[in-house]
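Novice: I'd like to ask some things about the structure below.
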Amino acid sequence: MELISQVLALEPTNQVLGNEPIVPFAILLVVILVVPILFERLRLPGLVGLVFSGVVLGPSGWNVFQPDSPTINLLSDIGLVYLMFIAGLEIDLEQFRRQKSRSFGFGSFTFFIPLALGTLIGHIFGFSSNASILIGSLLASYTLLAYPLINRLGIVKNQAVSVTIGATIFTNIGGLLVLSLCIAVHAKQFSYWGLITLFNSLIIYLVVVLVGFDWAGKEFFRRSGDDEGNQFLFVLLCVFLAAVGAQLIGVEKIVGAFLAGLAVNGVLASGPVKEKVMFVGSVLFIPIFFVHLGSLINLPAVSNLSTLKLTLFIVIGLFFSKFLAAFLAKLVYRYNWQEMLMMWSLSLPQVGATLAATLVGYRAELLPIGVLNSVIVLMLVTSTLGPLITSRLAAGLASSSVEEHTITTPPYQNIDKKHSNFTIVVPVYNPQTQQYLIEMAALLARQENGRIIPLAIANSAAHMDAPQLEISLQRSERLLSKATAQSQVFSVEAEPLLRIDDAFAQGISRAAREQKASLIVMGWGKRTGLRARLFGNVIDSVLWASHCPVAVTRLVESPRKIQRILVPLENLMAPSLHPVQFAIMLAEANQAQVTVLNVCDRRTSSSKIASRRSQLSLLVSKLALPNPPEVQIIAHENVAQAILQAARLYDLVVLPFIRNRTSPGGLAISDVTTQLARQLTCSIVMLGEPERNPTVVLPTAAVPNTTSAV
């Protein structure tokens, strides 16, 4: 202890912290965990808090760690590569194919107009032609930061919105190619023969990555089966191999990472491995990148008059150029003003590709510190205002689109009751929750003249005569016998099924498919432990793999006692009515009353509230229900608190169980459903729909969630 005290007395605290790499890493973990939560409570994006933390902890603040620290640089580089990989992974290729001509058209507008204006701004401030073009390319791309919002509001299928989503593939690739050319010119590697060599190398590289990685990924996933660990490692290997390959041919590694994301896009689809890959990046490496980026900000340089002017020109130039691009799309494709403004707001946030390209240009000494500072300020402004403007426009666009959508009938409603094939699979494992699960399933099956299949999974062993397997089989048989007896009380046909499988989730999904199940009813499972956080639990895996809806229940009393059911609804679009249809089916079995609740902003006028009520009533009326639900509109500043207050009068709350799409700079939009699930004291059913048309998906918060906001 005396020796340690002497060492600490001789060395300043900052030097001790700087020489011990584990200390700044521990500080980074604290920042990543705490700061985004605090900023989200202030209704600011979590990434803003991360950048601010970098400023405070860096040389411009407390100088806790240096930006040139090998440890921080390594972690930041991994975060940079991960950021661009996820940007490629999130590209909705299916969306792009459906609207490829219009996506290409809007992508051209929103790429070349900001490129030209940004280049002009660079020339005005005396930058070289090469640096000016790079500044222009920085404004050309954009990040779909508000995707979680428009996704849960159900306006993703609006043509203007889907065109904006599809255009990201053009703007991101275009921006990265301009970056590569500018870096090559700056490094004096740009000549006629050098261009031909680079072009040929790039063509070969594109084929190897986009075709080779896609083929190798499909083969590996097919052969590895359900081994998510090895599949996760294979994806990471693809990312860093692509990054190294890009550097070998003289292209920036972020280009390789982005292309790797595109290559494995179809392989991962919307499966659980994709969630794990994005989870690791979004909760660790990408936040470290943002903190490191903040530490690079030079506050004295930011306050410099010339830097302030440059920042102002860049911010105004971006807003104007993106508006002009959206306006041209409006004229060419005949969109209305609301759709045009939505395209504009969605294309404003400058996070993923913009920040990555800026940092690469700064490290290559092509862009000065003033441009880096200006672009970071641009990111902070657009990542805050972009989603805010989108949220203001989204509700109106959703309301105006209600008439354009038809009611889609979920699988458990499309059944001939006279000859019903309605089948509910009920996995039984916990004797304490089994009775209420069977009661819930029996009520629904009786209402639809269907059957229930109590399902018990016995974990397989290396040898089929292993004592552990025999014990598991005996326990499963007891559970099934009890479940069969409980179902007989409701005069419902029960066909117990005992299955030997190597995993619970896969066993449930496979059995449900084999039995042609219409619905799976499961008990609530809490996430515990590090492995559950990283690799999910049984419910997560079933939701990913299931071919039919999954009702995840937390029942505090017998389902037979449920008399009042609340269905909170934010999305005034047809797909969101599936929870309403589920609630109505349960209510008819119990002669219960269903209330559909919509929460709007406190500042909403009485006329708009009346309009929302009529729109929602009209939408519900299209279901042609014998006992239509009551429609209630509440004006409140906090959606979760409004639902919690209303839920006090109800026995059951039915919530949607929809997975979030995350984005490289997410961390901004809170998860209302998760908050409700933690605080509601009554019974809960979370209804998860199968992934028929998977959309692109990174963590919006530092903590991963499996549900989106109500």
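Letters for chains follow the order of the structure tokens (A, B, ...), residue numbers begin at 1 for each chain, and ligand numbers begin at 1 in the order shown.
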Give me the region 35-111 of chain A side of the contact with region 282-285 of chain A, cut-off 12 Å, one line per residue showing its nearest atom pair and distance in Å at one decimal, counting only C-alpha atoms, sorted by chain and residue number, as CSV.

Specialist:
residue,atom,partner,partner_atom,distance
A:Pro36,CA,A:Val283,CA,10.7
A:Gly46,CA,A:Val283,CA,11.6
A:Leu47,CA,A:Ser282,CA,10.8
A:Leu50,CA,A:Leu284,CA,11.8
A:Ile72,CA,A:Phe285,CA,10.4
A:Asn73,CA,A:Phe285,CA,11.2
A:Leu74,CA,A:Phe285,CA,9.9
A:Leu75,CA,A:Phe285,CA,6.3
A:Ser76,CA,A:Phe285,CA,6.8
A:Asp77,CA,A:Phe285,CA,8.6
A:Ile78,CA,A:Phe285,CA,6.3
A:Gly79,CA,A:Phe285,CA,4.2
A:Leu80,CA,A:Phe285,CA,8.0
A:Val81,CA,A:Phe285,CA,9.2
A:Tyr82,CA,A:Phe285,CA,7.2
A:Leu83,CA,A:Ser282,CA,8.4
A:Met84,CA,A:Ser282,CA,11.8
A:Phe85,CA,A:Ser282,CA,11.5
A:Ile86,CA,A:Ser282,CA,9.1
A:Ala87,CA,A:Ser282,CA,11.6

Novice: Near region 222-239 of chain A, counting only C-alpha atoms, which residues have an atom at most 7 Å away, once you skip same-chain residues fewer than 4 positions from it, shown as a list in words?

Specialist: Phe85, Lys218, Ala243, Ala257, Ala260, Val273 and Val277 of chain A

Novice: Set the distance at 10 Å and use only C-alpha atoms: which residues neighbour region 165-176 of chain A once local chain neighbours fewer than 6 positions away are removed? I'd like the list as a ChimeraX atom specification.

Specialist: /A:84,87-88,90-112,115,134,136-144,147,156,159,182,251-252,254-256,258-259,262,343,346-347,352-354,356-357,696

Novice: Tell me, as JSON, numbers by chain, which residues lie within 12 Å of Ala456 (chain A), counting only C-alpha atoms; anything in the same chain fewer than 4 positions away does not count.

Specialist: {"A": [425, 426, 427, 428, 429, 430, 431, 434, 472, 473, 474, 475, 476, 477, 478, 479, 480, 481, 482, 483, 484, 495, 496, 497, 498, 499, 500, 501, 503, 504, 505, 507, 508, 511, 512, 522]}

Novice: Go ahead and write the selection's residues with C-alpha atoms as a short mmCIF file (atom, residue, chain, number, x, y, z; two decimals), in the first residue's frame.

Specialist:
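Generated file (again_2.cif):
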data_model
loop_
_atom_site.label_atom_id
_atom_site.label_comp_id
_atom_site.auth_asym_id
_atom_site.auth_seq_id
_atom_site.Cartn_x
_atom_site.Cartn_y
_atom_site.Cartn_z
CA VAL A 425 -50.52 -24.65 -28.82
CA VAL A 426 -49.84 -24.07 -25.11
CA PRO A 427 -46.27 -24.80 -23.99
CA VAL A 428 -46.38 -25.99 -20.35
CA TYR A 429 -43.34 -25.88 -18.12
CA ASN A 430 -44.13 -23.95 -14.95
CA PRO A 431 -46.82 -25.64 -12.81
CA GLN A 434 -49.98 -23.53 -16.15
CA SER A 472 -37.49 -34.89 -17.95
CA LEU A 473 -39.96 -37.18 -19.72
CA GLN A 474 -41.66 -38.15 -16.48
CA ARG A 475 -41.99 -34.51 -15.43
CA SER A 476 -43.42 -33.57 -18.84
CA GLU A 477 -45.97 -36.38 -18.68
CA ARG A 478 -47.19 -35.14 -15.29
CA LEU A 479 -47.59 -31.59 -16.65
CA LEU A 480 -49.51 -32.82 -19.70
CA SER A 481 -51.79 -34.99 -17.60
CA LYS A 482 -52.64 -32.02 -15.41
CA ALA A 483 -53.21 -29.77 -18.44
CA THR A 484 -55.57 -32.30 -20.02
CA GLU A 495 -54.50 -33.31 -27.50
CA PRO A 496 -51.40 -33.39 -25.28
CA LEU A 497 -48.11 -33.52 -27.13
CA LEU A 498 -44.75 -34.59 -25.70
CA ARG A 499 -41.75 -33.67 -27.80
CA ILE A 500 -38.05 -34.45 -27.37
CA ASP A 501 -35.95 -31.61 -28.72
CA ALA A 503 -33.96 -26.59 -27.45
CA PHE A 504 -37.22 -25.32 -25.98
CA ALA A 505 -37.81 -22.49 -28.46
CA GLY A 507 -39.23 -27.38 -30.18
CA ILE A 508 -42.20 -25.06 -29.63
CA ALA A 511 -44.40 -28.41 -33.02
CA ALA A 512 -46.66 -25.43 -33.72
CA MET A 522 -47.13 -18.68 -23.65
#

Novice: What does the distance between CA of Leu455 (chain A) and CA of Arg513 (chain A) come to in Å, to one decimal place?

Specialist: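 So the two atoms, CA of Leu455 (chain A) and CA of Arg513 (chain A), lie 12.6 Å apart.
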
Novice: Find the residues around Ile438 (chain A) up to 8 Å (only C-alpha atoms counted), leave out those fewer than 2 positions away in its own chain, and share them as a short mmCIF file (atom, residue, chain, number, x, y, z; two decimals) with C-alpha atoms, in the first residue's frame.

Specialist:
data_model
loop_
_atom_site.label_atom_id
_atom_site.label_comp_id
_atom_site.auth_asym_id
_atom_site.auth_seq_id
_atom_site.Cartn_x
_atom_site.Cartn_y
_atom_site.Cartn_z
CA VAL A 426 -49.84 -24.07 -25.11
CA GLN A 434 -49.98 -23.53 -16.15
CA GLN A 435 -53.59 -23.35 -14.93
CA TYR A 436 -54.21 -19.77 -16.09
CA MET A 440 -56.93 -18.67 -21.45
CA ALA A 441 -56.36 -21.11 -24.31
CA ALA A 442 -59.52 -23.05 -23.49
CA PRO A 454 -50.74 -28.72 -24.38
CA ALA A 483 -53.21 -29.77 -18.44
CA GLN A 486 -57.82 -28.69 -16.63
CA SER A 487 -59.04 -28.36 -20.23
#

Novice: Tell me, as a ChimeraX atom specification, which residues lie within 6 Å of Leu519 (chain A), counting only C-alpha atoms; anything in the same chain fewer than 6 positions away does not count.

Specialist: /A:424,548-550

Novice: DSSP says alpha helix (DSSP H) for which residues of region 142-280 of chain A? Put them as number ranges by chain?

Specialist: A: 147-152, 159-186, 192-206, 214-224, 228-248, 253-263, 265-268, 272-280

Novice: Which polymer residues have any atom within 8 Å of an atom of Asp214 (chain A), counting only C-alpha atoms, with same-chain residues fewer than 3 positions away left out, as a list in words?

Specialist: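 In the requested form, the answer reads Val209, Leu210, Val211, Gly217, Lys218, Ala263, Val264, Gly266 and Val267 of chain A.
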